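Chemist: File follows, protein-v2.txt with compact mmCIF, C-alpha atoms:
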```
# COMPACT_ATOMS: atom_id res chain seq x y z
CA MET A 23 0.00 0.00 0.00
CA GLY A 24 1.31 3.38 -0.97
CA ARG A 25 1.18 6.78 0.81
CA GLY A 26 -1.59 7.91 -1.50
CA ASP A 27 -3.85 5.14 -0.39
CA LEU A 28 -4.36 6.78 3.02
CA HIS A 29 -6.13 9.72 1.44
CA ASP A 30 -8.60 7.77 -0.64
CA PRO A 31 -12.21 9.01 -0.46
CA VAL A 32 -14.47 7.52 2.30
CA PRO A 33 -17.00 4.97 0.98
CA ALA A 34 -20.70 5.98 0.82
CA SER A 35 -21.66 3.17 3.22
CA TRP A 36 -19.95 5.02 6.05
CA PHE A 37 -22.14 8.07 5.52
CA THR A 38 -25.25 5.88 5.55
CA LEU A 39 -24.17 4.26 8.80
CA LEU A 40 -23.51 7.64 10.33
CA ALA A 41 -27.01 8.85 9.38
CA ILE A 42 -28.55 5.74 10.92
CA CYS A 43 -26.67 6.36 14.13
CA GLN A 44 -27.93 9.91 14.26
CA VAL A 45 -31.51 8.72 13.77
CA ILE A 46 -31.09 6.14 16.53
CA PHE A 47 -29.74 8.84 18.81
CA LEU A 48 -32.70 11.10 18.11
CA CYS A 49 -35.17 8.23 18.62
CA SER A 50 -33.55 7.38 21.91
CA THR A 51 -34.12 10.95 23.09
CA MET A 52 -37.78 10.77 22.08
CA SER A 53 -38.42 7.26 23.34
CA CYS A 54 -39.78 8.51 26.64
CA LYS A 55 -42.58 10.32 24.83
CA LEU A 56 -43.26 7.63 22.25
CA ASN A 57 -43.41 4.76 24.71
CA LYS A 58 -46.52 6.10 26.37
CA LYS A 59 -48.32 6.74 23.08
CA LEU A 60 -47.35 3.37 21.61
CA GLY A 61 -48.48 1.59 24.77
CA CYS A 62 -51.83 3.36 24.75
CA PHE A 63 -52.30 2.55 21.07
CA ILE A 64 -51.52 -1.16 21.58
CA ARG A 65 -53.89 -1.43 24.55
CA THR A 66 -56.65 0.30 22.58
CA MET A 67 -56.31 -2.10 19.66
CA ARG A 68 -56.50 -5.08 22.01
CA GLN A 69 -59.66 -3.70 23.66
CA MET A 70 -61.33 -3.07 20.30
CA GLN A 71 -60.51 -6.60 19.16
CA THR A 72 -62.01 -8.08 22.34
CA ILE A 73 -65.12 -5.86 22.14
CA SER A 74 -65.84 -6.73 18.52
CA SER A 75 -65.48 -10.47 19.10
CA CYS A 76 -67.69 -10.37 22.20
CA SER A 77 -70.37 -8.33 20.45
CA ARG A 78 -70.59 -10.83 17.63
CA THR A 79 -71.17 -13.61 20.15
CA VAL A 80 -73.91 -11.70 22.00
CA VAL A 81 -75.71 -10.63 18.82
CA ARG A 82 -75.72 -14.20 17.58
CA MET A 83 -77.21 -15.44 20.88
CA TYR A 84 -79.83 -12.66 20.90
CA ALA A 85 -80.89 -13.57 17.36
CA LEU A 86 -81.45 -17.18 18.44
CA GLY A 87 -83.88 -15.99 21.13
CA THR A 88 -81.84 -17.27 24.11
CA SER A 89 -81.69 -13.89 25.86
CA GLY A 90 -84.50 -12.09 27.71
CA PRO A 91 -85.98 -8.65 27.07
CA LYS A 92 -83.73 -5.62 26.73
CA ARG A 93 -82.77 -3.97 29.99
CA THR A 94 -80.90 -0.93 31.17
CA VAL A 95 -77.61 -0.38 29.28
CA ARG A 96 -74.47 0.41 31.22
CA SER A 97 -71.17 1.31 29.55
CA LEU A 98 -67.85 1.03 31.37
CA TYR A 99 -65.55 2.29 28.64
CA LEU A 100 -67.05 5.44 27.25
CA ARG A 101 -64.18 7.58 28.50
CA ARG A 102 -61.41 5.07 27.84
CA CYS A 103 -62.26 4.31 24.24
CA PRO A 104 -60.64 6.94 21.94
CA VAL A 105 -62.69 6.08 18.86
CA ASP A 106 -66.44 6.30 18.09
CA VAL A 107 -68.42 3.16 18.70
CA SER A 108 -71.89 2.63 17.18
CA PRO A 109 -74.86 2.48 19.60
CA CYS A 110 -75.77 -1.06 18.66
CA LEU A 111 -72.18 -2.22 19.24
CA LEU A 112 -72.03 -0.44 22.56
CA GLN A 113 -75.35 -1.89 23.70
CA SER A 114 -74.39 -5.43 22.72
CA THR A 115 -70.97 -5.18 24.40
CA VAL A 116 -72.31 -3.85 27.64
CA ARG A 117 -75.03 -6.46 27.63
CA PHE A 118 -72.35 -9.13 27.45
CA PHE A 119 -70.44 -7.81 30.43
CA SER A 120 -73.52 -7.11 32.59
CA GLN A 121 -75.23 -10.48 32.21
CA ASP A 122 -73.31 -13.47 33.45
CA ALA A 123 -75.90 -15.97 32.19
CA PHE A 124 -74.46 -15.76 28.68
CA ILE A 125 -70.90 -16.37 29.88
CA THR A 126 -71.55 -19.40 32.06
CA GLY A 127 -73.57 -21.08 29.36
CA THR A 128 -70.86 -20.86 26.64
CA GLU A 129 -67.63 -22.77 26.31
CA GLY A 130 -64.58 -22.68 24.11
CA PRO A 131 -63.57 -19.42 22.41
CA SER A 132 -66.34 -17.45 24.08
CA SER A 133 -65.12 -18.31 27.57
CA ASN A 134 -61.53 -17.39 26.63
CA LYS A 135 -62.67 -14.06 25.28
CA GLN A 136 -64.57 -13.46 28.47
CA GLU A 137 -61.44 -14.05 30.55
CA VAL A 138 -59.47 -11.60 28.41
CA ALA A 139 -62.21 -9.02 28.76
CA ASN A 140 -62.42 -9.50 32.53
CA SER A 141 -58.64 -9.10 32.87
CA LEU A 142 -58.79 -5.87 30.87
CA VAL A 143 -61.56 -4.63 33.14
CA ASN A 144 -59.55 -5.42 36.27
CA ASP A 145 -56.45 -3.68 34.87
CA GLN A 146 -58.25 -0.53 33.86
CA THR A 147 -60.59 0.02 36.82
CA GLU A 148 -57.77 1.27 39.02
CA SER A 149 -56.64 3.96 36.55
CA CYS A 150 -60.01 5.01 35.17
CA ARG A 151 -63.32 5.49 36.95
CA PRO A 152 -66.19 3.80 35.06
CA VAL A 153 -69.08 5.91 33.81
CA ALA A 154 -72.64 4.48 33.97
CA VAL A 155 -74.92 5.49 31.13
CA GLU A 156 -78.65 4.63 31.27
CA ARG A 157 -80.30 3.88 27.93
CA THR A 158 -83.90 2.96 28.67
CA MET A 159 -86.31 2.00 25.96
CA PRO A 160 -89.51 4.14 25.92
CA PRO A 161 -92.79 2.34 26.71
CA PRO A 162 -94.95 1.42 23.71
CA HIS A 163 -97.60 4.04 24.58
CA SER A 164 -95.27 6.86 25.64
CA THR A 165 -96.58 9.24 22.95
CA VAL A 166 -100.20 8.65 23.92
CA THR A 167 -99.34 9.03 27.60
CA ALA A 168 -97.57 12.33 26.95
CA GLU A 169 -100.54 13.66 24.98
CA THR A 170 -102.92 12.50 27.73
CA ASN A 171 -100.85 14.20 30.42
CA ARG A 172 -100.72 17.38 28.36
CA GLY A 173 -104.50 17.30 27.94
CA LEU A 174 -105.00 16.72 31.66
CA SER A 175 -102.73 19.62 32.53
CA GLU A 176 -104.61 21.93 30.16
CA GLU A 177 -107.95 20.79 31.60
CA THR A 178 -106.69 21.38 35.13
CA ALA A 179 -105.50 24.88 34.19
CA GLU A 180 -108.88 25.64 32.60
CA LYS A 181 -110.69 24.44 35.72
CA SER A 182 -108.52 26.62 37.92
CA ILE A 183 -109.27 29.66 35.76
CA THR A 184 -113.00 28.90 35.85
CA GLN A 185 -112.91 28.46 39.61
CA ARG A 186 -111.11 31.77 40.07
CA TYR A 187 -113.61 33.47 37.77
CA PHE A 188 -116.63 32.27 39.72
CA ASP A 189 -114.94 33.11 43.03
CA ASP A 190 -114.35 36.67 41.84
CA LEU A 191 -117.88 36.85 40.44
CA ARG A 192 -119.36 36.00 43.83
CA LYS A 193 -117.47 38.89 45.40
CA CYS A 194 -119.13 41.48 43.15
CA VAL A 195 -121.68 43.76 44.83
CA SER A 196 -122.84 45.86 41.87
CA PRO A 197 -123.19 45.55 38.07
CA CYS A 198 -120.15 47.80 37.60
CA ASP A 199 -118.02 45.34 39.57
CA VAL A 200 -119.05 42.60 37.14
CA LEU A 201 -118.13 44.81 34.18
CA ASP A 202 -114.73 45.50 35.73
CA LEU A 203 -114.20 41.75 36.03
CA PHE A 204 -115.22 40.96 32.44
CA PRO A 205 -111.97 41.90 30.60
CA ARG A 206 -109.74 40.01 33.04
CA TYR A 207 -110.73 36.58 31.75
CA PRO A 208 -110.89 35.03 28.27
CA VAL A 209 -114.14 35.32 26.33
CA SER A 210 -116.44 32.35 26.85
CA GLN A 211 -120.15 31.81 26.30
CA LYS A 212 -120.55 30.54 29.87
CA TYR A 213 -118.72 33.58 31.26
CA ILE A 214 -120.90 35.97 29.25
CA SER A 215 -124.14 34.35 30.42
CA ASN A 216 -123.03 34.36 34.06
CA CYS A 217 -121.95 38.01 33.82
CA LEU A 218 -125.36 39.12 32.56
CA THR A 219 -127.28 36.94 35.02
CA THR A 220 -125.21 38.18 37.96
CA MET A 221 -125.75 41.78 36.93
CA TRP A 222 -129.50 41.21 36.83
CA MET A 223 -129.55 39.45 40.22
CA LEU A 224 -127.57 42.27 41.85
CA THR A 225 -129.89 44.88 40.35
CA LYS A 226 -133.01 42.94 41.34
CA ARG A 227 -132.20 43.25 45.05
CA LEU A 228 -132.00 47.05 45.02
CA LEU A 229 -134.71 49.58 45.64
CA GLU A 230 -136.25 51.49 42.75
CA ASP A 231 -134.11 54.61 43.23
CA GLN A 232 -130.96 52.54 43.54
CA LYS A 233 -131.92 50.49 40.47
CA HIS A 234 -132.18 53.64 38.38
CA TYR A 235 -128.80 54.90 39.60
CA GLU A 236 -127.02 51.56 39.08
CA ARG A 237 -128.48 51.16 35.58
CA GLN A 238 -127.24 54.62 34.66
CA LEU A 239 -123.74 53.75 35.84
CA MET A 240 -123.93 50.42 34.00
CA PHE A 241 -124.91 51.98 30.67
CA GLU A 242 -122.10 54.54 30.98
CA HIS A 243 -119.45 51.96 31.87
CA PRO A 244 -116.80 51.59 29.10
CA GLN A 245 -116.97 47.77 29.22
CA PHE A 246 -120.75 47.58 28.76
CA SER A 247 -120.60 48.28 25.02
CA GLN A 248 -117.83 45.71 24.66
CA LEU A 249 -119.93 43.15 26.52
CA CYS A 250 -122.94 43.83 24.28
CA GLN A 251 -120.78 43.48 21.17
CA THR A 252 -119.40 40.18 22.43
CA VAL A 253 -122.92 38.89 23.14
CA MET A 254 -124.02 39.68 19.57
CA GLU A 255 -120.98 37.89 18.15
CA GLU A 256 -121.24 34.82 20.38
CA ALA A 257 -125.03 34.44 20.37
CA LYS A 258 -124.98 31.94 17.48
CA TYR A 259 -122.50 29.70 19.32
CA MET A 260 -123.97 29.79 22.84
CA TRP A 261 -125.59 26.82 24.47
CA CYS A 262 -129.37 27.06 24.41
CA ASP A 263 -129.72 27.55 28.16
CA ASP A 264 -127.01 30.24 28.16
CA LEU A 265 -128.78 32.00 25.30
CA ALA A 266 -132.15 31.89 27.10
CA TYR A 267 -130.77 33.24 30.38
CA SER A 268 -128.75 35.90 28.57
CA LEU A 269 -131.84 37.20 26.76
CA HIS A 270 -133.80 37.20 30.03
CA ALA A 271 -131.06 39.15 31.83
CA VAL A 272 -130.66 41.69 29.01
CA VAL A 273 -134.40 42.42 28.96
CA LYS A 274 -134.67 42.61 32.75
CA LEU A 275 -131.66 44.97 32.96
CA GLY A 276 -133.63 47.52 30.98
CA VAL A 277 -131.84 47.41 27.64
CA PRO A 278 -134.22 49.00 25.11
CA GLN A 279 -136.14 46.48 23.09
CA ASN A 280 -135.49 48.19 19.74
CA THR A 281 -131.71 47.89 20.09
CA ARG A 282 -129.68 45.67 17.83
CA LEU A 283 -128.61 43.51 20.78
CA VAL A 284 -132.15 42.50 21.79
CA GLN A 285 -133.36 42.01 18.21
CA THR A 286 -130.33 39.86 17.35
CA MET A 287 -130.90 37.61 20.35
CA LEU A 288 -134.60 37.27 19.46
CA ARG A 289 -133.69 36.19 15.93
CA VAL A 290 -131.16 33.64 17.19
CA CYS A 291 -133.73 32.23 19.62
CA GLN A 292 -136.16 31.79 16.74
CA GLU A 293 -133.57 29.85 14.73
CA ARG A 294 -132.60 27.55 17.61
CA LEU A 295 -135.97 27.14 19.31
CA ASN A 296 -136.18 23.41 18.57
CA GLY A 297 -132.98 22.81 20.56
CA PHE A 298 -134.30 24.34 23.79
CA ASN A 299 -135.20 22.08 26.69
CA ASP A 300 -138.22 22.58 28.95
CA ARG A 301 -136.41 24.86 31.37
CA SER A 302 -135.05 27.06 28.58
CA LEU A 303 -138.53 27.29 27.03
CA SER A 304 -139.97 28.43 30.36
CA VAL A 305 -137.26 31.12 30.62
CA ILE A 306 -138.06 32.34 27.09
CA ALA A 307 -141.78 32.38 27.91
CA SER A 308 -141.15 34.36 31.09
CA THR A 309 -139.04 36.86 29.13
CA LEU A 310 -141.67 37.40 26.45
CA GLN A 311 -144.32 38.28 29.03
CA GLY A 312 -142.78 41.67 29.77
CA MET A 313 -141.88 42.62 26.19
CA GLU A 314 -143.82 44.84 23.82
CA LYS A 315 -145.32 43.41 20.67
CA CYS A 316 -143.09 43.52 17.60
CA LYS A 317 -142.32 41.27 14.64
CA ASN A 318 -139.54 39.30 16.29
CA VAL A 319 -141.44 38.93 19.56
CA GLN A 320 -144.56 37.76 17.76
CA ALA A 321 -142.58 35.32 15.63
CA LEU A 322 -140.83 33.87 18.67
CA GLN A 323 -144.14 33.56 20.50
CA ASN A 324 -145.72 31.71 17.57
CA GLY A 325 -142.74 29.36 17.38
CA LEU A 326 -142.98 28.74 21.12
CA GLN A 327 -146.64 27.87 20.72
CA LEU A 328 -145.85 25.27 18.04
CA VAL A 329 -143.01 23.72 20.06
CA VAL A 330 -145.16 23.46 23.20
CA GLU A 331 -147.98 21.87 21.24
CA GLN A 332 -145.57 19.23 19.94
CA ARG A 333 -143.93 18.53 23.30
CA ILE A 334 -146.93 18.83 25.58
CA GLU A 335 -147.05 15.08 26.22
CA ARG A 336 -143.42 15.01 27.38
CA ILE A 337 -143.56 18.06 29.68
CA SER A 338 -143.55 16.96 33.31
CA SER A 339 -143.18 20.27 35.15
CA VAL A 340 -146.35 22.04 36.30
CA PHE A 341 -144.47 25.31 36.75
CA MET A 342 -143.20 25.16 33.15
CA LEU A 343 -146.74 24.58 31.90
CA GLN A 344 -148.00 27.55 33.88
CA THR A 345 -145.26 29.83 32.55
CA VAL A 346 -145.99 28.85 28.96
CA MET A 347 -149.74 29.26 29.46
CA LYS A 348 -149.26 32.74 30.87
CA CYS A 349 -146.97 33.68 27.98
CA LEU A 350 -149.36 32.45 25.29
CA GLY A 351 -152.25 34.30 26.91
CA GLU A 352 -155.77 34.52 25.58
CA ASP A 353 -154.57 34.60 21.96
CA SER A 354 -153.69 30.88 22.02
CA PRO A 355 -156.06 28.63 20.07
CA PRO A 356 -158.83 26.77 21.95
CA SER A 357 -157.39 23.39 20.96
CA LEU A 358 -154.10 24.22 22.72
CA LYS A 359 -155.98 25.45 25.79
CA ILE A 360 -157.82 22.14 26.02
CA LYS A 361 -154.54 20.19 25.67
CA LEU A 362 -152.96 22.26 28.42
CA GLU A 363 -155.99 21.73 30.65
CA ASN A 364 -155.84 17.95 30.19
CA LYS A 365 -152.11 17.93 30.90
CA ILE A 366 -152.62 19.89 34.12
CA LEU A 367 -155.40 17.56 35.23
CA SER A 368 -153.19 14.52 34.59
CA GLN A 369 -150.59 15.99 36.96
CA ILE A 370 -153.00 17.44 39.53
CA HIS A 371 -151.54 15.15 42.23
CA GLN A 372 -148.21 16.97 41.84
CA LEU A 373 -149.81 20.35 42.48
CA THR A 374 -148.07 22.27 45.27
CA LEU A 375 -149.38 25.23 47.23
CA PRO A 376 -147.42 27.82 45.16
CA ASN A 377 -148.70 26.12 41.99
CA ALA A 378 -152.28 26.33 43.25
CA GLN A 379 -151.90 30.03 44.06
CA HIS A 380 -150.34 30.78 40.69
CA MET A 381 -152.92 28.81 38.74
CA PHE A 382 -155.69 31.36 39.35
CA THR A 383 -153.55 34.12 37.80
CA VAL A 384 -152.55 31.94 34.85
CA LEU A 385 -156.13 31.01 33.99
CA ALA A 386 -157.14 34.67 34.27
CA GLU A 387 -154.32 35.63 31.85
CA MET A 388 -155.54 33.01 29.37
CA ASN A 389 -159.19 33.97 29.98
CA TYR A 390 -159.98 30.29 30.32
CA ARG A 391 -162.46 29.17 32.99
CA SER A 392 -161.53 25.58 33.77
CA LEU A 393 -163.76 24.45 36.65
CA PRO A 394 -161.94 21.13 37.40
CA ILE A 395 -158.60 22.91 37.81
CA LEU A 396 -160.13 25.76 39.85
CA HIS A 397 -161.88 23.33 42.21
CA ALA A 398 -158.66 21.35 42.82
CA CYS A 399 -156.67 24.52 43.49
CA SER A 400 -159.40 25.83 45.82
CA HIS A 401 -159.20 22.71 47.99
CA LYS A 402 -155.39 23.10 48.20
CA ILE A 403 -155.73 26.72 49.28
CA ILE A 404 -158.44 26.02 51.87
CA ASP A 405 -156.32 23.33 53.54
CA ASN A 406 -153.27 25.63 53.78
CA ILE A 407 -154.79 29.09 53.99
CA GLU A 408 -152.75 30.12 57.03
CA GLU A 409 -149.51 29.86 55.02
CA ILE A 410 -150.63 32.27 52.27
CA PRO A 411 -149.88 36.01 52.59
CA PHE A 412 -152.69 38.54 52.25
CA TRP A 413 -151.44 40.05 49.00
CA ARG A 414 -151.60 36.60 47.39
CA LEU A 415 -155.14 36.05 48.67
CA LEU A 416 -156.17 39.38 47.17
CA ALA A 417 -154.70 38.32 43.80
CA ILE A 418 -156.70 35.08 43.99
CA LEU A 419 -159.91 36.98 44.64
CA ARG A 420 -159.23 39.32 41.67
CA SER A 421 -158.66 36.32 39.40
CA CYS A 422 -161.88 34.72 40.58
CA SER A 423 -163.68 37.97 39.75
CA ASP A 424 -162.17 38.05 36.24
CA LEU A 425 -163.06 34.41 35.61
CA MET A 426 -166.50 34.81 37.23
CA TYR A 427 -165.72 31.84 39.41
CA ARG A 428 -167.71 31.51 42.61
CA ASN A 429 -166.71 29.09 45.37
CA ALA A 430 -168.51 29.63 48.67
CA ARG A 431 -166.15 27.39 50.65
CA LEU A 432 -163.08 29.22 49.38
CA PHE A 433 -164.53 32.66 50.04
CA SER A 434 -165.78 31.69 53.49
CA ALA A 435 -162.35 30.33 54.42
CA ILE A 436 -160.69 33.56 53.26
CA ALA A 437 -163.25 35.68 55.12
CA ASP A 438 -162.84 33.71 58.38
CA PHE A 439 -159.06 33.90 58.16
CA ALA A 440 -159.22 37.65 57.53
CA ALA A 441 -161.66 38.18 60.42
CA SER A 442 -159.44 36.30 62.88
CA ALA A 443 -156.40 38.25 61.71
CA PHE A 444 -158.40 41.51 62.01
CA TYR A 445 -159.37 40.69 65.59
CA LEU A 446 -155.76 39.84 66.51
CA TRP A 447 -154.34 42.98 64.95
CA ASP A 448 -157.09 45.15 66.42
CA THR A 449 -156.23 43.88 69.88
CA LYS A 450 -152.50 44.53 69.58
CA GLN A 451 -152.43 47.37 67.02
CA PRO A 452 -155.73 49.26 67.00
CA THR A 453 -154.65 51.65 64.26
CA GLY A 454 -152.41 49.32 62.29
CA VAL A 455 -152.35 48.97 58.55
CA GLY A 456 -152.80 45.20 58.80
CA ALA A 457 -156.24 45.63 60.31
CA ALA A 458 -157.38 47.70 57.35
CA SER A 459 -156.01 45.10 54.94
CA ALA A 460 -157.75 42.28 56.74
CA SER A 461 -160.99 44.27 56.79
CA SER A 462 -160.87 44.93 53.05
CA LEU A 463 -160.00 41.29 52.39
CA ALA A 464 -162.94 40.07 54.47
CA ALA A 465 -165.29 42.46 52.70
CA ALA A 466 -164.12 41.32 49.28
CA ALA A 467 -164.49 37.65 50.20
CA SER A 468 -167.98 38.14 51.62
CA GLY A 469 -169.06 40.11 48.56
CA LEU A 470 -167.82 37.50 46.05
CA GLY A 471 -169.39 34.61 47.90
CA TYR A 472 -173.00 35.57 47.31
CA TYR A 473 -173.28 33.15 44.37
CA SER A 474 -171.39 29.89 44.33
CA ASP A 475 -170.34 27.49 41.54
CA VAL A 476 -169.86 24.64 44.02
```
Using structure tokens, write down the structure that the file contains.

Modeler:
Amino acid sequence: MGRGDLHDPVPASWFTLLAICQVIFLCSTMSCKLNKKLGCFIRTMRQMQTISSCSRTVVRMYALGTSGPKRTVRSLYLRRCPVDVSPCLLQSTVRFFSQDAFITGTEGPSSNKQEVANSLVNDQTESCRPVAVERTMPPPHSTVTAETNRGLSEETAEKSITQRYFDDLRKCVSPCDVLDLFPRYPVSQKYISNCLTTMWMLTKRLLEDQKHYERQLMFEHPQFSQLCQTVMEEAKYMWCDDLAYSLHAVVKLGVPQNTRLVQTMLRVCQERLNGFNDRSLSVIASTLQGMEKCKNVQALQNGLQLVVEQRIERISSVFMLQTVMKCLGEDSPPSLKIKLENKILSQIHQLTLPNAQHMFTVLAEMNYRSLPILHACSHKIIDNIEEIPFWRLLAILRSCSDLMYRNARLFSAIADFAASAFYLWDTKQPTGVGAASASSLAAAASGLGYYSDV
């Protein structure tokens, strides 16, 4: 070897070796960081392999029908697993670990896989806290139950509003208080009818001077026009009994008959007259008694006459029959009068003392002299004459005069009762007003009893 051989160029393999050494040196410095990541990656792959194999076993057993119904799902590896797992895979895996019946009943590869899975669970429970996730299946009728609960809650809220409305309505002491209460609650046909009826009942209890003053305040109230407008709009949709009581209250409150409100309600009553029950018909009849004659009133009265003639066999209330008879008056046809008389006679055993007192006035309004009915009512009055006030006895005597009905027993009983009351009042109150009333009553009874129909 010569001197020049020592300076020959270095082979390329030496540079490659040197580069490899540098890479190994750099890797050795980074090994501390990579070891942890590589270890985590290897453990994750092992867990995923075990989970997938176990899930296939459980799904196969579930398809064969060997497992029971689905239960609560609990996952132990939601936080440890770094990848996304499908819900079905998660549910199947957790089902495998939570039910030991599947494990004890299988042998071979399944039991080995279970041991691997259990060892992984024991290794990881110390470093990671398991998370329990509940996945419950909804009941088959959950939607219907939710809708039912929602309907019940709405019904309960509506009942509470209605209860509060009626509680506030009972606290009112004047028609203006009712009008102040009206805009606080939603519009309802029942609310409107109760507002009008309460206003009429509060006004009815007042004296004449107070009635005039309260009606003036009511008509000037800003909510009264709004209430009337609402009544006209809702009249077509009201229940029949609400419509009848609303018309009665409006007329009794003194609303002029020629107003659009009253005429609209009369027209609606004509259209829906066939849907009224016996009580509603009696309310309509009582309302028409105090109204002036006009086209709508006459039309409603004629319709009422036809409806009563059709339903007369089904009417069981004596008071309702009396109200209708008084409304129809003497203009009703003789055939209807005879039907009403026969109906009253068929229910004469149900006649009460107020019915007997009122019957004289009703027959006088109809100008119909029915001797069987008058005789039965006279016996009822004679037996209970001490319970009848003097003003009612005077009305009975006037009706007997109009009907030219003479009953000596009835007049003698009234005269004796008046004479005894006159003697009692004269002893205690010599100058009292009651004595004069009893004296006039006795004179009237003695004068009418000269001729007798009995």

Chemist: Would you mind listing what lies within 12 Å of A:Cys291 as a PyMOL selection string, with only C-alpha atoms counted and same-chain residues fewer than 4 positions away left out?

Modeler: chain A and resi 257-270+284-287+295-298+302-303+305-307+309-310+318-319+321-323+325-326

Chemist: How would the residues just chosen look if you wrote them out with C-alpha atoms as a PDB file, in the frame of the given file?

Modeler:
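Printed below is selection.pdb as written:
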```pdb
ATOM      1  CA  ALA A 257    -125.030  34.440  20.370  1.00  0.00           C
ATOM      2  CA  LYS A 258    -124.980  31.940  17.480  1.00  0.00           C
ATOM      3  CA  TYR A 259    -122.500  29.700  19.320  1.00  0.00           C
ATOM      4  CA  MET A 260    -123.970  29.790  22.840  1.00  0.00           C
ATOM      5  CA  TRP A 261    -125.590  26.820  24.470  1.00  0.00           C
ATOM      6  CA  CYS A 262    -129.370  27.060  24.410  1.00  0.00           C
ATOM      7  CA  ASP A 263    -129.720  27.550  28.160  1.00  0.00           C
ATOM      8  CA  ASP A 264    -127.010  30.240  28.160  1.00  0.00           C
ATOM      9  CA  LEU A 265    -128.780  32.000  25.300  1.00  0.00           C
ATOM     10  CA  ALA A 266    -132.150  31.890  27.100  1.00  0.00           C
ATOM     11  CA  TYR A 267    -130.770  33.240  30.380  1.00  0.00           C
ATOM     12  CA  SER A 268    -128.750  35.900  28.570  1.00  0.00           C
ATOM     13  CA  LEU A 269    -131.840  37.200  26.760  1.00  0.00           C
ATOM     14  CA  HIS A 270    -133.800  37.200  30.030  1.00  0.00           C
ATOM     15  CA  VAL A 284    -132.150  42.500  21.790  1.00  0.00           C
ATOM     16  CA  GLN A 285    -133.360  42.010  18.210  1.00  0.00           C
ATOM     17  CA  THR A 286    -130.330  39.860  17.350  1.00  0.00           C
ATOM     18  CA  MET A 287    -130.900  37.610  20.350  1.00  0.00           C
ATOM     19  CA  LEU A 295    -135.970  27.140  19.310  1.00  0.00           C
ATOM     20  CA  ASN A 296    -136.180  23.410  18.570  1.00  0.00           C
ATOM     21  CA  GLY A 297    -132.980  22.810  20.560  1.00  0.00           C
ATOM     22  CA  PHE A 298    -134.300  24.340  23.790  1.00  0.00           C
ATOM     23  CA  SER A 302    -135.050  27.060  28.580  1.00  0.00           C
ATOM     24  CA  LEU A 303    -138.530  27.290  27.030  1.00  0.00           C
ATOM     25  CA  VAL A 305    -137.260  31.120  30.620  1.00  0.00           C
ATOM     26  CA  ILE A 306    -138.060  32.340  27.090  1.00  0.00           C
ATOM     27  CA  ALA A 307    -141.780  32.380  27.910  1.00  0.00           C
ATOM     28  CA  THR A 309    -139.040  36.860  29.130  1.00  0.00           C
ATOM     29  CA  LEU A 310    -141.670  37.400  26.450  1.00  0.00           C
ATOM     30  CA  ASN A 318    -139.540  39.300  16.290  1.00  0.00           C
ATOM     31  CA  VAL A 319    -141.440  38.930  19.560  1.00  0.00           C
ATOM     32  CA  ALA A 321    -142.580  35.320  15.630  1.00  0.00           C
ATOM     33  CA  LEU A 322    -140.830  33.870  18.670  1.00  0.00           C
ATOM     34  CA  GLN A 323    -144.140  33.560  20.500  1.00  0.00           C
ATOM     35  CA  GLY A 325    -142.740  29.360  17.380  1.00  0.00           C
ATOM     36  CA  LEU A 326    -142.980  28.740  21.120  1.00  0.00           C
TER      37      LEU A 326
END
```

Chemist: Give me, please, the distance in Å between atom CA of A:Leu396 and atom CA of A:Met381, quoted to one decimal.

Modeler: 7.9 Å

Chemist: Figure out the distance between atom CA of A:Gln311 and atom CA of A:Cys349, please, to one decimal in Å.

Modeler: 5.4 Å

Chemist: Report as CSV: every residue of stretch 218-292 of chain A with an atom at most 10 Å from stretch 202-205 of chain A, its closest pair of atoms, and their distance in Å to one decimal, counting only C-alpha atoms, with rows sorted by chain and ascending residue number.

Modeler:
```
residue,atom,partner,partner_atom,distance
A:His243,CA,A:Asp202,CA,8.9
A:Pro244,CA,A:Asp202,CA,9.2
A:Gln245,CA,A:Asp202,CA,7.2
A:Phe246,CA,A:Phe204,CA,9.4
A:Gln248,CA,A:Pro205,CA,9.2
A:Leu249,CA,A:Phe204,CA,7.9
```

Chemist: Would you output that residue set with C-alpha atoms, as a CSV table (one decimal), in the coordinates of the input?

Modeler:
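Generated file (out36.csv):
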```csv
chain,number,residue,atom,x,y,z
A,243,HIS,CA,-119.4,52.0,31.9
A,244,PRO,CA,-116.8,51.6,29.1
A,245,GLN,CA,-117.0,47.8,29.2
A,246,PHE,CA,-120.8,47.6,28.8
A,248,GLN,CA,-117.8,45.7,24.7
A,249,LEU,CA,-119.9,43.2,26.5
```

Chemist: Just how far from atom CA of A:Tyr390 is atom CA of A:Ala435, in Å to one decimal?

Modeler: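 So the two atoms, atom CA of A:Ala435 and atom CA of A:Tyr390, lie 24.2 Å apart.
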
Chemist: Go through A:Lys365, A:Arg294, A:Lys359, A:Arg206 and flag the residue nearest A:Ser338, using all atoms listed in the file for the distances.

Modeler: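 Residue with the minimum atom-to-atom distance to A:Ser338: A:Lys365.
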
Chemist: Out of A:Ala443, A:Cys198, A:Met342, A:Leu288, which residue has the shortest atom-to-atom distance to A:Leu239 when counting all atoms listed in the file?

Modeler: A:Cys198

Chemist: Could you list, as a list of chain:residue names, every residue within 12 Å of A:Asp189, counting all atoms listed in the file and ignoring same-chain residues fewer than 6 positions away?

Modeler: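 After dropping sequence-adjacent residues, the list is A:Ser182, A:Ile183, A:Val200, A:Leu203.
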
Chemist: List the neighbours of A:Tyr213 out to 10 Å using only C-alpha atoms; skip same-chain residues closer than 4 positions along the sequence, and give me the result as a PyMOL selection string.

Modeler: chain A and resi 184+187-188+191+204+207-209+217-219+264
